[in-house]
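Asks: Take a look at protein-v1.cif, mmCIF, C-alpha atoms:
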```
data_upload
#
loop_
_atom_site.label_atom_id
_atom_site.label_comp_id
_atom_site.auth_asym_id
_atom_site.auth_seq_id
_atom_site.Cartn_x
_atom_site.Cartn_y
_atom_site.Cartn_z
CA MET H 328 5.03 21.41 2.93
CA ILE H 329 5.31 21.10 -0.86
CA ALA H 330 8.90 22.39 -0.76
CA THR H 331 9.72 19.79 1.92
CA GLN H 332 8.30 16.99 -0.20
CA ILE H 333 10.18 18.19 -3.29
CA ALA H 334 13.39 18.28 -1.23
CA GLU H 335 12.66 14.76 0.04
CA ILE H 336 12.15 13.49 -3.51
CA LEU H 337 15.21 15.17 -5.04
CA LEU H 338 17.62 15.23 -2.11
CA PHE H 339 17.09 13.14 1.01
CA PRO H 340 16.01 10.35 1.35
CA GLY H 341 15.26 10.42 -2.37
CA LEU H 342 17.34 10.73 -5.49
CA THR H 343 20.59 12.31 -4.30
CA PHE H 344 20.88 9.98 -1.32
CA PHE H 345 20.35 6.90 -3.47
CA VAL H 346 22.82 8.15 -6.10
CA TRP H 347 25.47 8.23 -3.34
CA VAL H 348 24.35 4.76 -2.24
CA ALA H 349 24.77 3.68 -5.88
CA PHE H 350 28.36 5.01 -5.94
CA LEU H 351 29.06 3.22 -2.66
CA PHE H 352 27.56 0.01 -4.04
CA ASP H 353 29.86 0.27 -7.05
CA TRP H 354 32.89 0.73 -4.80
CA LEU H 355 31.88 -2.16 -2.50
CA ASP H 356 31.19 -4.35 -5.53
CA ARG H 357 34.68 -3.68 -6.91
CA LYS H 358 36.32 -4.13 -3.51
CA THR H 359 34.45 -7.39 -2.81
CA SER H 360 35.28 -8.91 -6.19
CA ALA H 361 38.90 -7.71 -5.85
CA ARG H 362 39.25 -9.34 -2.43
CA MET H 363 37.72 -12.59 -3.71
CA GLN H 364 40.16 -12.59 -6.64
CA SER H 365 43.22 -11.72 -4.50
CA ARG H 366 43.48 -8.16 -5.85
CA VAL H 367 43.33 -4.86 -4.00
CA GLY H 368 40.68 -3.05 -6.04
CA PRO H 369 40.31 0.75 -6.11
CA LEU H 370 42.83 2.52 -3.85
CA VAL H 371 43.67 5.97 -5.11
CA ALA H 372 40.62 8.27 -5.11
CA GLY H 373 39.54 8.92 -1.52
CA PRO H 374 40.16 6.72 1.53
CA SER H 375 40.51 3.11 0.29
CA GLY H 376 39.43 4.31 -3.13
CA VAL H 377 35.86 5.00 -2.01
CA LEU H 378 35.56 7.95 -4.39
CA GLN H 379 36.75 5.97 -7.43
CA PRO H 380 33.21 5.51 -8.87
CA VAL H 381 32.61 9.27 -8.55
CA ALA H 382 35.94 9.99 -10.26
CA ASP H 383 35.07 7.52 -13.04
CA PHE H 384 31.68 9.16 -13.52
CA PHE H 385 33.15 12.63 -13.95
CA LYS H 386 35.96 11.32 -16.13
CA LEU H 387 33.41 9.76 -18.51
CA ILE H 388 31.28 12.92 -18.53
CA SER H 389 34.28 15.00 -19.61
CA LYS H 390 35.11 12.65 -22.48
CA GLU H 391 34.00 13.07 -26.08
CA GLU H 392 30.47 11.91 -26.81
CA ILE H 393 30.43 10.20 -30.20
CA ILE H 394 27.12 9.67 -31.96
CA PRO H 395 27.45 6.82 -34.51
CA GLU H 396 26.45 7.58 -38.09
CA PHE H 397 23.49 5.21 -38.23
CA ALA H 398 22.26 5.65 -34.66
CA ASP H 399 18.73 6.85 -33.93
CA LYS H 400 19.79 10.26 -32.66
CA PHE H 401 16.59 11.05 -30.75
CA ILE H 402 16.68 7.87 -28.64
CA PHE H 403 20.47 8.12 -28.41
CA PHE H 404 20.03 11.52 -26.76
CA LEU H 405 16.89 10.96 -24.67
CA GLY H 406 17.40 7.28 -23.84
CA PRO H 407 20.11 7.49 -21.14
CA PRO H 408 18.25 10.01 -18.93
CA LEU H 409 14.98 8.04 -19.32
CA PHE H 410 16.84 4.83 -18.49
CA PHE H 411 18.17 6.61 -15.40
CA ALA H 412 14.67 7.85 -14.49
CA ALA H 413 13.30 4.29 -14.03
CA PRO H 414 15.15 3.33 -10.82
CA ALA H 415 15.21 7.00 -9.76
CA ILE H 416 11.40 6.99 -9.72
CA GLY H 417 11.26 3.57 -8.06
CA ILE H 418 13.23 4.68 -5.01
CA ILE H 419 10.69 7.30 -3.96
CA PHE H 420 8.24 4.47 -3.23
CA ILE H 421 10.65 2.77 -0.81
CA PRO H 422 10.05 3.50 2.91
CA VAL H 423 13.30 4.55 4.56
CA PHE H 424 12.37 5.91 8.01
CA GLY H 425 9.22 3.99 8.90
CA THR H 426 6.27 2.47 7.10
CA ALA H 427 5.61 5.51 4.93
CA ALA H 428 7.61 6.24 1.78
CA ILE H 429 8.16 9.75 0.39
CA VAL H 430 5.33 8.99 -2.04
CA SER H 431 2.92 6.14 -1.55
CA ASN H 432 -0.19 4.74 -3.06
CA GLU H 433 -2.46 1.74 -2.54
CA TYR H 434 -1.04 0.01 -5.62
CA ASP H 435 2.55 1.27 -5.71
CA LEU H 436 3.98 -2.27 -5.93
CA LEU H 437 2.33 -2.65 -9.35
CA PHE H 438 3.86 0.66 -10.38
CA VAL H 439 7.27 -0.58 -9.26
CA LEU H 440 6.76 -3.74 -11.35
CA PHE H 441 6.10 -1.51 -14.34
CA ILE H 442 9.27 0.47 -13.59
CA ILE H 443 11.37 -2.71 -13.52
CA ALA H 444 9.93 -3.79 -16.88
CA PHE H 445 10.41 -0.28 -18.32
CA SER H 446 14.05 -0.30 -17.28
CA ALA H 447 14.77 -3.54 -19.17
CA LEU H 448 12.86 -2.41 -22.24
CA MET H 449 14.63 0.96 -22.21
CA ALA H 450 17.97 -0.88 -22.24
CA ALA H 451 16.76 -2.86 -25.26
CA PHE H 452 15.71 0.38 -27.01
CA LEU H 453 19.12 1.89 -26.34
CA GLY H 454 20.88 -1.16 -27.78
CA TYR H 455 18.69 -1.08 -30.88
CA ALA H 456 18.99 2.71 -31.32
CA ALA H 457 22.79 2.49 -31.35
CA ALA H 458 22.52 0.39 -34.55
CA GLY H 459 25.83 -1.31 -33.87
CA ARG H 460 26.60 -4.95 -34.60
CA TRP H 461 27.37 -5.97 -31.06
CA SER H 462 24.67 -3.85 -29.46
CA THR H 463 22.00 -5.38 -31.70
CA ILE H 464 23.08 -8.91 -30.80
CA ALA H 465 23.13 -7.90 -27.13
CA MET H 466 19.67 -6.37 -27.44
CA GLY H 467 18.32 -9.70 -28.71
CA ARG H 468 19.96 -11.50 -25.81
CA LEU H 469 18.59 -8.96 -23.35
CA ILE H 470 15.01 -9.41 -24.57
CA VAL H 471 15.30 -13.21 -24.48
CA GLN H 472 16.72 -13.10 -20.97
CA TYR H 473 13.97 -10.68 -19.98
CA THR H 474 11.30 -13.18 -21.03
CA GLY H 475 12.95 -15.67 -18.69
CA TYR H 476 13.33 -13.70 -15.46
CA GLU H 477 10.42 -11.25 -15.60
CA ILE H 478 7.68 -13.77 -14.70
CA PRO H 479 9.40 -15.28 -11.62
CA LEU H 480 10.36 -11.75 -10.55
CA ILE H 481 6.71 -10.67 -10.64
CA ILE H 482 5.52 -13.81 -8.83
CA ALA H 483 8.24 -13.38 -6.18
CA LEU H 484 7.07 -9.82 -5.60
CA ILE H 485 3.41 -10.85 -5.45
CA THR H 486 4.08 -13.31 -2.61
CA PRO H 487 4.68 -10.64 0.09
CA ALA H 488 1.64 -8.77 -1.27
CA VAL H 489 -0.49 -11.90 -0.77
CA LEU H 490 0.90 -12.35 2.74
CA ALA H 491 0.18 -8.73 3.66
CA HIS H 492 -3.06 -8.48 1.63
CA SER H 493 -1.75 -5.22 0.29
CA LEU H 494 -0.19 -4.00 -2.93
CA SER H 495 1.32 -1.02 -1.15
CA ILE H 496 5.01 -1.30 -0.26
CA GLY H 497 4.38 0.65 2.95
CA GLY H 498 1.51 -1.74 3.79
CA ILE H 499 3.78 -4.75 3.25
CA VAL H 500 6.46 -3.21 5.51
CA LEU H 501 3.83 -2.51 8.18
CA ALA H 502 2.61 -6.12 8.04
CA GLN H 503 6.15 -7.34 8.87
CA GLN H 504 6.21 -5.78 12.33
CA SER H 505 6.07 -9.18 14.04
CA MET H 506 7.97 -11.30 11.52
CA TRP H 507 9.94 -10.65 8.33
CA TYR H 508 8.50 -12.29 5.22
CA ILE H 509 11.79 -13.99 4.41
CA ALA H 510 10.82 -16.41 7.20
CA TYR H 511 7.48 -17.25 5.53
CA ALA H 512 8.61 -17.12 1.92
CA PRO H 513 12.35 -17.89 1.73
CA LEU H 514 12.02 -19.34 -1.77
CA SER H 515 10.43 -16.14 -3.04
CA PHE H 516 13.32 -14.17 -1.59
CA MET H 517 15.77 -16.50 -3.33
CA VAL H 518 13.84 -16.20 -6.60
CA PHE H 519 13.87 -12.42 -6.25
CA ILE H 520 17.65 -12.31 -5.73
CA VAL H 521 18.28 -14.61 -8.72
CA SER H 522 15.91 -12.60 -10.93
CA ALA H 523 17.49 -9.36 -9.71
CA LEU H 524 20.90 -10.66 -10.82
CA ALA H 525 19.43 -11.20 -14.29
CA GLU H 526 17.76 -7.77 -14.30
CA LEU H 527 21.08 -6.18 -13.32
CA GLU H 528 22.94 -8.24 -15.95
CA LYS H 529 25.33 -9.51 -13.31
CA PRO H 530 27.10 -12.90 -13.52
CA PRO H 531 26.00 -15.60 -14.09
CA PHE H 532 23.41 -13.66 -16.15
CA ASP H 533 25.65 -10.99 -17.69
CA ILE H 534 24.87 -12.46 -21.11
CA PRO H 535 23.63 -9.19 -22.72
CA SER H 536 26.85 -7.40 -21.74
CA ALA H 537 29.32 -10.27 -22.02
CA LYS H 538 32.62 -8.45 -22.56
CA THR H 539 34.57 -11.46 -23.84
CA GLU H 540 31.91 -12.30 -26.43
CA ILE H 541 30.20 -9.14 -27.61
CA VAL H 542 32.56 -6.33 -26.55
CA GLY H 543 30.45 -4.02 -24.35
CA GLY H 544 27.09 -5.59 -25.16
CA TRP H 545 24.28 -3.12 -25.79
CA MET H 546 26.48 -0.30 -24.43
CA THR H 547 29.23 -0.78 -27.04
CA GLU H 548 28.41 2.34 -29.08
CA PHE H 549 27.94 4.64 -26.09
CA SER H 550 30.68 6.95 -24.89
CA GLY H 551 31.13 10.02 -22.71
CA ARG H 552 28.06 11.35 -20.95
CA PRO H 553 25.52 8.68 -22.08
CA LEU H 554 27.88 5.90 -20.97
CA ALA H 555 28.43 7.62 -17.61
CA TYR H 556 24.66 7.83 -17.14
CA ILE H 557 24.10 4.21 -18.17
CA LYS H 558 26.74 2.96 -15.73
CA LEU H 559 25.30 5.10 -12.95
CA THR H 560 21.81 3.80 -13.76
CA LYS H 561 22.99 0.21 -13.43
CA ASN H 562 24.39 0.96 -9.99
CA LEU H 563 21.23 2.85 -9.02
CA SER H 564 19.18 -0.18 -10.11
CA TYR H 565 21.46 -2.27 -7.91
CA ALA H 566 20.57 -0.07 -4.92
CA PHE H 567 16.89 0.11 -5.88
CA LEU H 568 16.40 -3.67 -6.19
CA SER H 569 18.29 -4.25 -2.93
CA ALA H 570 16.05 -1.66 -1.25
CA LEU H 571 12.99 -3.40 -2.69
CA ALA H 572 14.19 -6.75 -1.31
CA VAL H 573 14.71 -5.12 2.10
CA SER H 574 11.21 -3.62 2.04
CA LEU H 575 9.36 -6.73 0.88
CA PHE H 576 11.24 -9.49 2.69
CA LEU H 577 13.36 -8.01 5.50
CA GLY H 578 10.91 -5.71 7.25
CA GLY H 579 12.09 -2.51 5.54
CA PRO H 580 13.37 0.02 8.06
CA LEU H 581 11.55 -1.66 10.97
CA GLY H 582 13.56 -3.18 13.80
CA PRO H 583 13.76 -3.18 17.60
CA VAL H 584 12.18 -0.05 19.12
CA LEU H 585 14.74 1.54 21.46
CA PHE H 586 13.50 5.12 21.75
CA SER H 587 10.19 6.67 22.72
CA ASP H 588 11.10 9.82 20.82
CA ALA H 589 9.74 9.56 17.27
CA ILE H 590 12.65 11.38 15.61
CA LEU H 591 15.30 9.28 17.36
CA GLN H 592 13.43 6.09 16.50
CA ALA H 593 13.06 7.19 12.86
CA SER H 594 16.83 7.81 12.75
CA LEU H 595 17.43 4.33 14.18
CA ASN H 596 15.04 2.87 11.59
CA PHE H 597 17.08 4.61 8.91
CA ILE H 598 20.23 2.92 10.24
CA TYR H 599 18.43 -0.46 10.22
CA PHE H 600 17.41 0.17 6.62
CA VAL H 601 20.88 1.12 5.43
CA ALA H 602 22.44 -1.87 7.26
CA LYS H 603 19.95 -4.29 5.64
CA LEU H 604 20.46 -2.62 2.27
CA PHE H 605 24.20 -3.23 2.35
CA VAL H 606 23.75 -6.81 3.60
CA VAL H 607 21.52 -7.61 0.59
CA GLY H 608 23.92 -5.74 -1.69
CA PHE H 609 26.85 -7.72 -0.27
CA VAL H 610 25.04 -11.03 -0.92
CA ILE H 611 24.60 -9.98 -4.56
CA PHE H 612 28.27 -8.88 -4.81
CA VAL H 613 29.48 -12.25 -3.51
CA ILE H 614 27.17 -14.31 -5.75
CA ARG H 615 28.10 -12.34 -8.84
CA THR H 616 31.82 -12.68 -8.17
CA ALA H 617 31.68 -16.37 -7.32
CA LEU H 618 29.78 -17.50 -10.41
CA ALA H 619 30.79 -17.65 -14.06
CA ARG H 620 28.61 -16.64 -16.99
CA ILE H 621 26.23 -19.22 -18.44
CA LYS H 622 24.87 -19.36 -21.99
CA ILE H 623 21.63 -17.62 -22.96
CA ASP H 624 19.74 -20.88 -23.61
CA GLN H 625 20.92 -22.23 -20.25
CA ALA H 626 19.76 -19.05 -18.53
CA VAL H 627 16.30 -19.13 -20.10
CA ARG H 628 15.91 -22.84 -19.43
CA PHE H 629 16.99 -22.27 -15.83
CA PHE H 630 14.37 -19.56 -15.35
CA TRP H 631 11.50 -21.33 -17.09
CA MET H 632 12.14 -24.82 -15.79
CA ILE H 633 13.39 -24.20 -12.25
CA ILE H 634 12.90 -20.65 -11.01
CA THR H 635 9.35 -20.10 -12.36
CA PRO H 636 7.98 -23.38 -10.89
CA VAL H 637 9.72 -22.66 -7.57
CA SER H 638 8.14 -19.20 -7.43
CA LEU H 639 4.68 -20.62 -8.25
CA ILE H 640 5.03 -23.41 -5.66
CA GLN H 641 6.03 -20.92 -2.98
CA LEU H 642 3.07 -18.70 -3.82
CA ALA H 643 0.64 -21.66 -3.81
CA PHE H 644 2.08 -22.82 -0.47
CA ILE H 645 1.57 -19.36 1.02
CA MET H 646 -2.03 -19.24 -0.25
CA LEU H 647 -2.76 -22.69 1.20
CA VAL H 648 -1.19 -22.00 4.59
CA TRP H 649 -2.75 -18.54 4.88
CA TRP H 650 -6.12 -20.00 3.84
CA LYS H 651 -9.10 -17.91 4.80
CA MET V 173 -12.67 6.17 -2.85
CA PRO V 174 -9.25 6.87 -1.28
CA SER V 175 -7.68 10.21 -2.18
CA LEU V 176 -4.62 10.15 -4.39
CA ASP V 177 -1.46 11.84 -3.16
CA PRO V 178 -0.70 14.42 -5.90
CA PHE V 179 3.00 13.58 -5.60
CA VAL V 180 2.30 10.07 -6.90
CA ILE V 181 1.97 11.80 -10.29
CA ALA V 182 4.08 14.90 -9.64
CA GLY V 183 7.00 13.02 -8.02
CA PRO V 184 7.93 10.93 -11.07
CA ILE V 185 7.42 13.94 -13.38
CA LEU V 186 9.66 16.02 -11.11
CA ILE V 187 12.39 13.36 -11.24
CA VAL V 188 12.23 13.06 -15.04
CA VAL V 189 12.38 16.85 -15.49
CA ALA V 190 15.25 17.26 -12.99
CA ASP V 191 17.04 14.32 -14.57
CA ILE V 192 16.84 15.75 -18.10
CA ILE V 193 17.91 19.22 -16.89
CA VAL V 194 20.99 17.76 -15.16
CA TYR V 195 21.73 15.57 -18.19
CA VAL V 196 21.66 18.56 -20.54
CA ALA V 197 23.68 20.68 -18.09
CA VAL V 198 26.48 18.13 -17.64
CA GLY V 199 26.57 17.77 -21.42
CA LYS V 200 28.31 21.16 -21.50
CA ILE V 201 31.38 19.64 -19.81
CA GLY V 202 32.39 17.21 -22.56
CA THR V 203 32.50 17.60 -26.32
CA LYS V 204 30.01 16.02 -28.74
CA SER V 205 30.57 14.90 -32.27
CA SER V 206 28.59 13.21 -35.00
CA GLY V 207 29.14 12.75 -38.70
CA THR V 208 30.35 10.24 -41.24
CA GLY V 209 33.57 8.37 -41.73
CA ASN V 210 35.45 5.63 -39.93
CA LYS V 211 35.22 7.27 -36.54
CA TYR V 212 31.43 7.16 -36.63
CA GLN V 213 31.04 3.60 -37.90
CA PRO V 214 29.74 0.94 -35.50
CA PHE V 215 32.52 -0.85 -33.63
CA THR V 216 33.43 -4.22 -35.12
CA GLY V 217 36.18 -5.24 -32.72
CA GLY V 218 38.45 -6.36 -35.53
CA GLU V 219 35.98 -8.94 -36.75
CA GLU V 220 34.98 -9.24 -40.36
CA GLN V 221 31.79 -7.43 -41.27
CA ILE V 222 28.96 -9.15 -39.47
CA PRO V 223 25.31 -8.44 -40.27
CA ALA V 224 24.14 -5.08 -39.00
CA ARG V 225 20.97 -6.67 -37.66
CA GLY V 226 20.97 -10.09 -36.06
CA THR V 227 19.01 -12.94 -37.59
CA TYR V 228 16.43 -14.52 -35.37
CA GLN V 229 14.72 -17.86 -35.51
CA SER V 230 10.95 -18.01 -35.67
CA GLU V 231 10.86 -20.02 -32.45
CA LEU V 232 11.68 -16.83 -30.62
CA PHE V 233 8.33 -15.38 -31.66
CA VAL V 234 6.54 -18.44 -30.25
CA PHE V 235 8.46 -17.85 -27.09
CA ALA V 236 7.55 -14.16 -27.09
CA ALA V 237 3.86 -15.04 -27.49
CA LEU V 238 4.13 -17.46 -24.59
CA PHE V 239 5.78 -14.76 -22.53
CA MET V 240 2.88 -12.38 -23.24
CA VAL V 241 0.38 -14.98 -21.99
CA VAL V 242 2.34 -15.67 -18.82
CA GLU V 243 2.94 -11.98 -18.18
CA ALA V 244 -0.81 -11.34 -18.35
CA PHE V 245 -1.38 -14.32 -16.09
CA ALA V 246 1.13 -13.04 -13.53
CA LEU V 247 -0.36 -9.55 -13.52
CA ILE V 248 -3.91 -10.89 -13.07
CA LEU V 249 -2.56 -13.02 -10.25
CA ALA V 250 -1.14 -9.86 -8.71
CA GLY V 251 -4.61 -8.36 -8.71
CA SER V 252 -6.22 -11.42 -7.12
CA PHE V 253 -4.88 -10.57 -3.66
CA ALA V 254 -8.01 -8.53 -2.96
CA SER V 255 -10.30 -11.53 -3.44
CA PRO V 256 -12.33 -12.24 -0.26
CA THR V 257 -11.26 -15.90 -0.30
CA ASN V 258 -8.08 -17.68 -1.33
CA LEU V 259 -10.04 -20.37 -3.19
CA TYR V 260 -10.36 -18.68 -6.59
CA PRO V 261 -6.82 -17.23 -6.74
CA LEU V 262 -5.50 -20.65 -5.72
CA LEU V 263 -7.55 -22.48 -8.36
CA PHE V 264 -6.45 -19.88 -10.89
CA LEU V 265 -2.84 -20.29 -9.83
CA ALA V 266 -2.96 -24.09 -9.98
CA GLY V 267 -4.85 -24.25 -13.28
CA GLY V 268 -3.14 -21.39 -15.10
CA GLY V 269 0.31 -22.11 -13.72
CA GLY V 270 0.00 -25.83 -14.48
CA VAL V 271 -1.11 -25.33 -18.08
CA ILE V 272 1.58 -22.75 -18.77
CA LEU V 273 4.36 -24.79 -17.22
CA VAL V 274 3.38 -27.95 -19.10
CA ILE V 275 3.36 -26.03 -22.39
CA THR V 276 6.69 -24.37 -21.61
CA TRP V 277 8.38 -27.60 -20.59
CA TRP V 278 7.09 -29.31 -23.71
CA LEU V 279 8.34 -26.42 -25.85
CA MET V 280 11.79 -26.63 -24.32
CA LEU V 281 12.07 -30.41 -24.24
CA VAL V 282 11.26 -30.71 -27.95
CA GLY V 283 13.97 -28.13 -28.63
CA GLY V 284 11.57 -25.36 -29.58
CA VAL V 285 13.67 -22.64 -28.01
CA ARG V 286 17.05 -22.41 -29.69
CA PHE V 287 19.32 -19.43 -29.99
#
```
For the file at hand, write its structure as structure tokens.

Replies:
Amino acid sequence: MIATQIAEILLFPGLTFFVWVAFLFDWLDRKTSARMQSRVGPLVAGPSGVLQPVADFFKLISKEEIIPEFADKFIFFLGPPLFFAAPAIGIIFIPVFGTAAIVSNEYDLLFVLFIIAFSALMAAFLGYAAAGRWSTIAMGRLIVQYTGYEIPLIIALITPAVLAHSLSIGGIVLAQQSMWYIAYAPLSFMVFIVSALAELEKPPFDIPSAKTEIVGGWMTEFSGRPLAYIKLTKNLSYAFLSALAVSLFLGGPLGPVLFSDAILQASLNFIYFVAKLFVVGFVIFVIRTALARIKIDQAVRFFWMIITPVSLIQLAFIMLVWWK
Amino acid sequence: MPSLDPFVIAGPILIVVADIIVYVAVGKIGTKSSGTGNKYQPFTGGEEQIPARGTYQSELFVFAALFMVVEAFALILAGSFASPTNLYPLLFLAGGGGVILVITWWLMLVGGVRF
């Protein structure tokens, strides 16, 4: 029993599965943006270049790892795996086959909120620890952007919890058996997607890693293995936040029941989940390719003056309508 | 009191341990170097020497303080779902949200948040 649960956490449907989803997300992201920009995108490694992200990961790992002279060596070493651990831990709270995740708790949504915050702060630590010029500037930008999107992100995640009267992700999925919460709280879903773009540092909110302004942003000083891990973590966060959106707004793995056999139905639920996951991912790919980067003050203004009020109004509306 | 699944604690620890083991193991593939000299200086991208640490305006700290208040507000709001009636969370939401938004809008409209 314990061995099974350990295998679920580390292999399937836990860490290893989501790492492969992260590689696939990276490939789809590149292919989508290439198509939208009249390019072909990755082609060489694997069929249609599907293994290109894996090849890039191993190429980076085999490269020289340079530790800058003034870097904080402890955080420089331990930071990338801890940064990776944040979304890796988050995914074990996501239900994939039914309403139960690999690990669940009455308040796991709050824990997931903490993980999202930890991930952003870890990125800031990494940028600061590198002690580079560009990474320090990027770290400042990252923190400022974080103060903009974190609040609406939390409020958007609270809305399904209020609807379901549960802070458990499994409980929220269970409460969506009759209707997905995107139907009741479409603005919260929109707020979540916009905030997720900022959390992932994707356009139009790629301000902390703006290549044309500050080189590689907070990742400038990283090379070799740490850079490979950081890039993988960003893609894993991509998959994790998409999975969270699926669980909280799109009914998680639940869908039409076609089989009386529990195992067959669980397999079908898994297919529903993966399909929804890639639909949400695709929406993010398209938005991020279609939009250009905005300035940091515009981003923060946008979050504080539009997105935060929208998220509060949606939550107040839900509380009024679901009055008891 | 509901029982706690031991894997709620053990699961994250397991992932962190496995993660660090894999990270150290794959570190054997590539080479590592540290030291002094041009190679180990922070990248400047051909620019003239810019300050090693960015300068920040004091308004940012006002903004950070505001963020702390709103973060606490949002987390308390998250806990209000268990309230037996929607009245108090709703009043809290309207009152707290209103006050915070008015202050934030004022701060931004007077140009208090510049970068």

Asks: Find the residues in chain H near chain V: any atom within 7 Å counts, using all atoms listed in the file. Write them as JSON, numbers by chain.

Replies: {"H": [336, 388, 389, 390, 391, 392, 393, 394, 395, 396, 408, 412, 416, 430, 431, 459, 460, 463, 464, 474, 478, 481, 482, 485, 489, 492, 548, 552, 624, 632, 643, 646, 650, 651]}

Asks: Step by step: start from the point (15.9, -14.3, -2.7) in the file's coordinates, keep every protein, DNA or RNA residue that has an atom no farther than 12 Å from it, count all atoms listed in the file, and write the set as a ChimeraX atom specification.

Replies: /H:479-480,483-484,486,508-510,512-524,568-569,571-573,575-577,607-608,610-611,614,634,637-638,641

Asks: Kindly give the distance, in Å, that separates atom CA of H:Ser564 and atom CA of H:Pro414, rounded to a single decimal.

Replies: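 One can read the atom CA of H:Ser564 to atom CA of H:Pro414 distance as 5.4 Å.
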
Asks: List, as a PDB file with C-alpha atoms, in the coordinates of the input, every residue that the PyMOL selection byres ((chain H and resi 377) around 10) selects in the file provided.

Replies:
```pdb
ATOM      1  CA  PHE H 350      28.360   5.010  -5.940  1.00  0.00           C
ATOM      2  CA  LEU H 351      29.060   3.220  -2.660  1.00  0.00           C
ATOM      3  CA  PHE H 352      27.560   0.010  -4.040  1.00  0.00           C
ATOM      4  CA  ASP H 353      29.860   0.270  -7.050  1.00  0.00           C
ATOM      5  CA  TRP H 354      32.890   0.730  -4.800  1.00  0.00           C
ATOM      6  CA  LEU H 355      31.880  -2.160  -2.500  1.00  0.00           C
ATOM      7  CA  LYS H 358      36.320  -4.130  -3.510  1.00  0.00           C
ATOM      8  CA  PRO H 369      40.310   0.750  -6.110  1.00  0.00           C
ATOM      9  CA  LEU H 370      42.830   2.520  -3.850  1.00  0.00           C
ATOM     10  CA  VAL H 371      43.670   5.970  -5.110  1.00  0.00           C
ATOM     11  CA  ALA H 372      40.620   8.270  -5.110  1.00  0.00           C
ATOM     12  CA  GLY H 373      39.540   8.920  -1.520  1.00  0.00           C
ATOM     13  CA  PRO H 374      40.160   6.720   1.530  1.00  0.00           C
ATOM     14  CA  SER H 375      40.510   3.110   0.290  1.00  0.00           C
ATOM     15  CA  GLY H 376      39.430   4.310  -3.130  1.00  0.00           C
ATOM     16  CA  LEU H 378      35.560   7.950  -4.390  1.00  0.00           C
ATOM     17  CA  GLN H 379      36.750   5.970  -7.430  1.00  0.00           C
ATOM     18  CA  PRO H 380      33.210   5.510  -8.870  1.00  0.00           C
ATOM     19  CA  VAL H 381      32.610   9.270  -8.550  1.00  0.00           C
ATOM     20  CA  ALA H 382      35.940   9.990 -10.260  1.00  0.00           C
TER      21      ALA H 382
END
```

Asks: Between atom CA of H:Ala413 and atom CA of H:Gly454, what is the spacing in Å?

Replies: 16.6 Å

Asks: Measure the distance from atom CA of H:Phe404 to atom CA of H:Gln332 in Å and round it to one decimal.

Replies: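 Computing it gives 29.5 Å between the two atoms.
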
Asks: From the options H:Val542, H:Ala450, H:Ala458, H:Ala488, which residue's atoms come nearest to H:Leu527, counting only C-alpha atoms?

Replies: H:Ala450

Asks: Given the choices H:Phe397, H:Phe403, H:Tyr476, H:Phe411, which gets closest to H:Pro636 if the distance is worked out from all atoms listed in the file?

Replies: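 Looking only at the distances to H:Pro636, the closest residue turns out to be H:Tyr476.
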
Asks: Return the single residue from H:Asn432, H:Thr547, H:Thr560, H:Thr539 that is closest to H:Leu409, with distances computed using only C-alpha atoms.

Replies: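 Of H:Asn432, H:Thr547, H:Thr560, H:Thr539, the one nearest H:Leu409, counting only C-alpha atoms, is H:Thr560.
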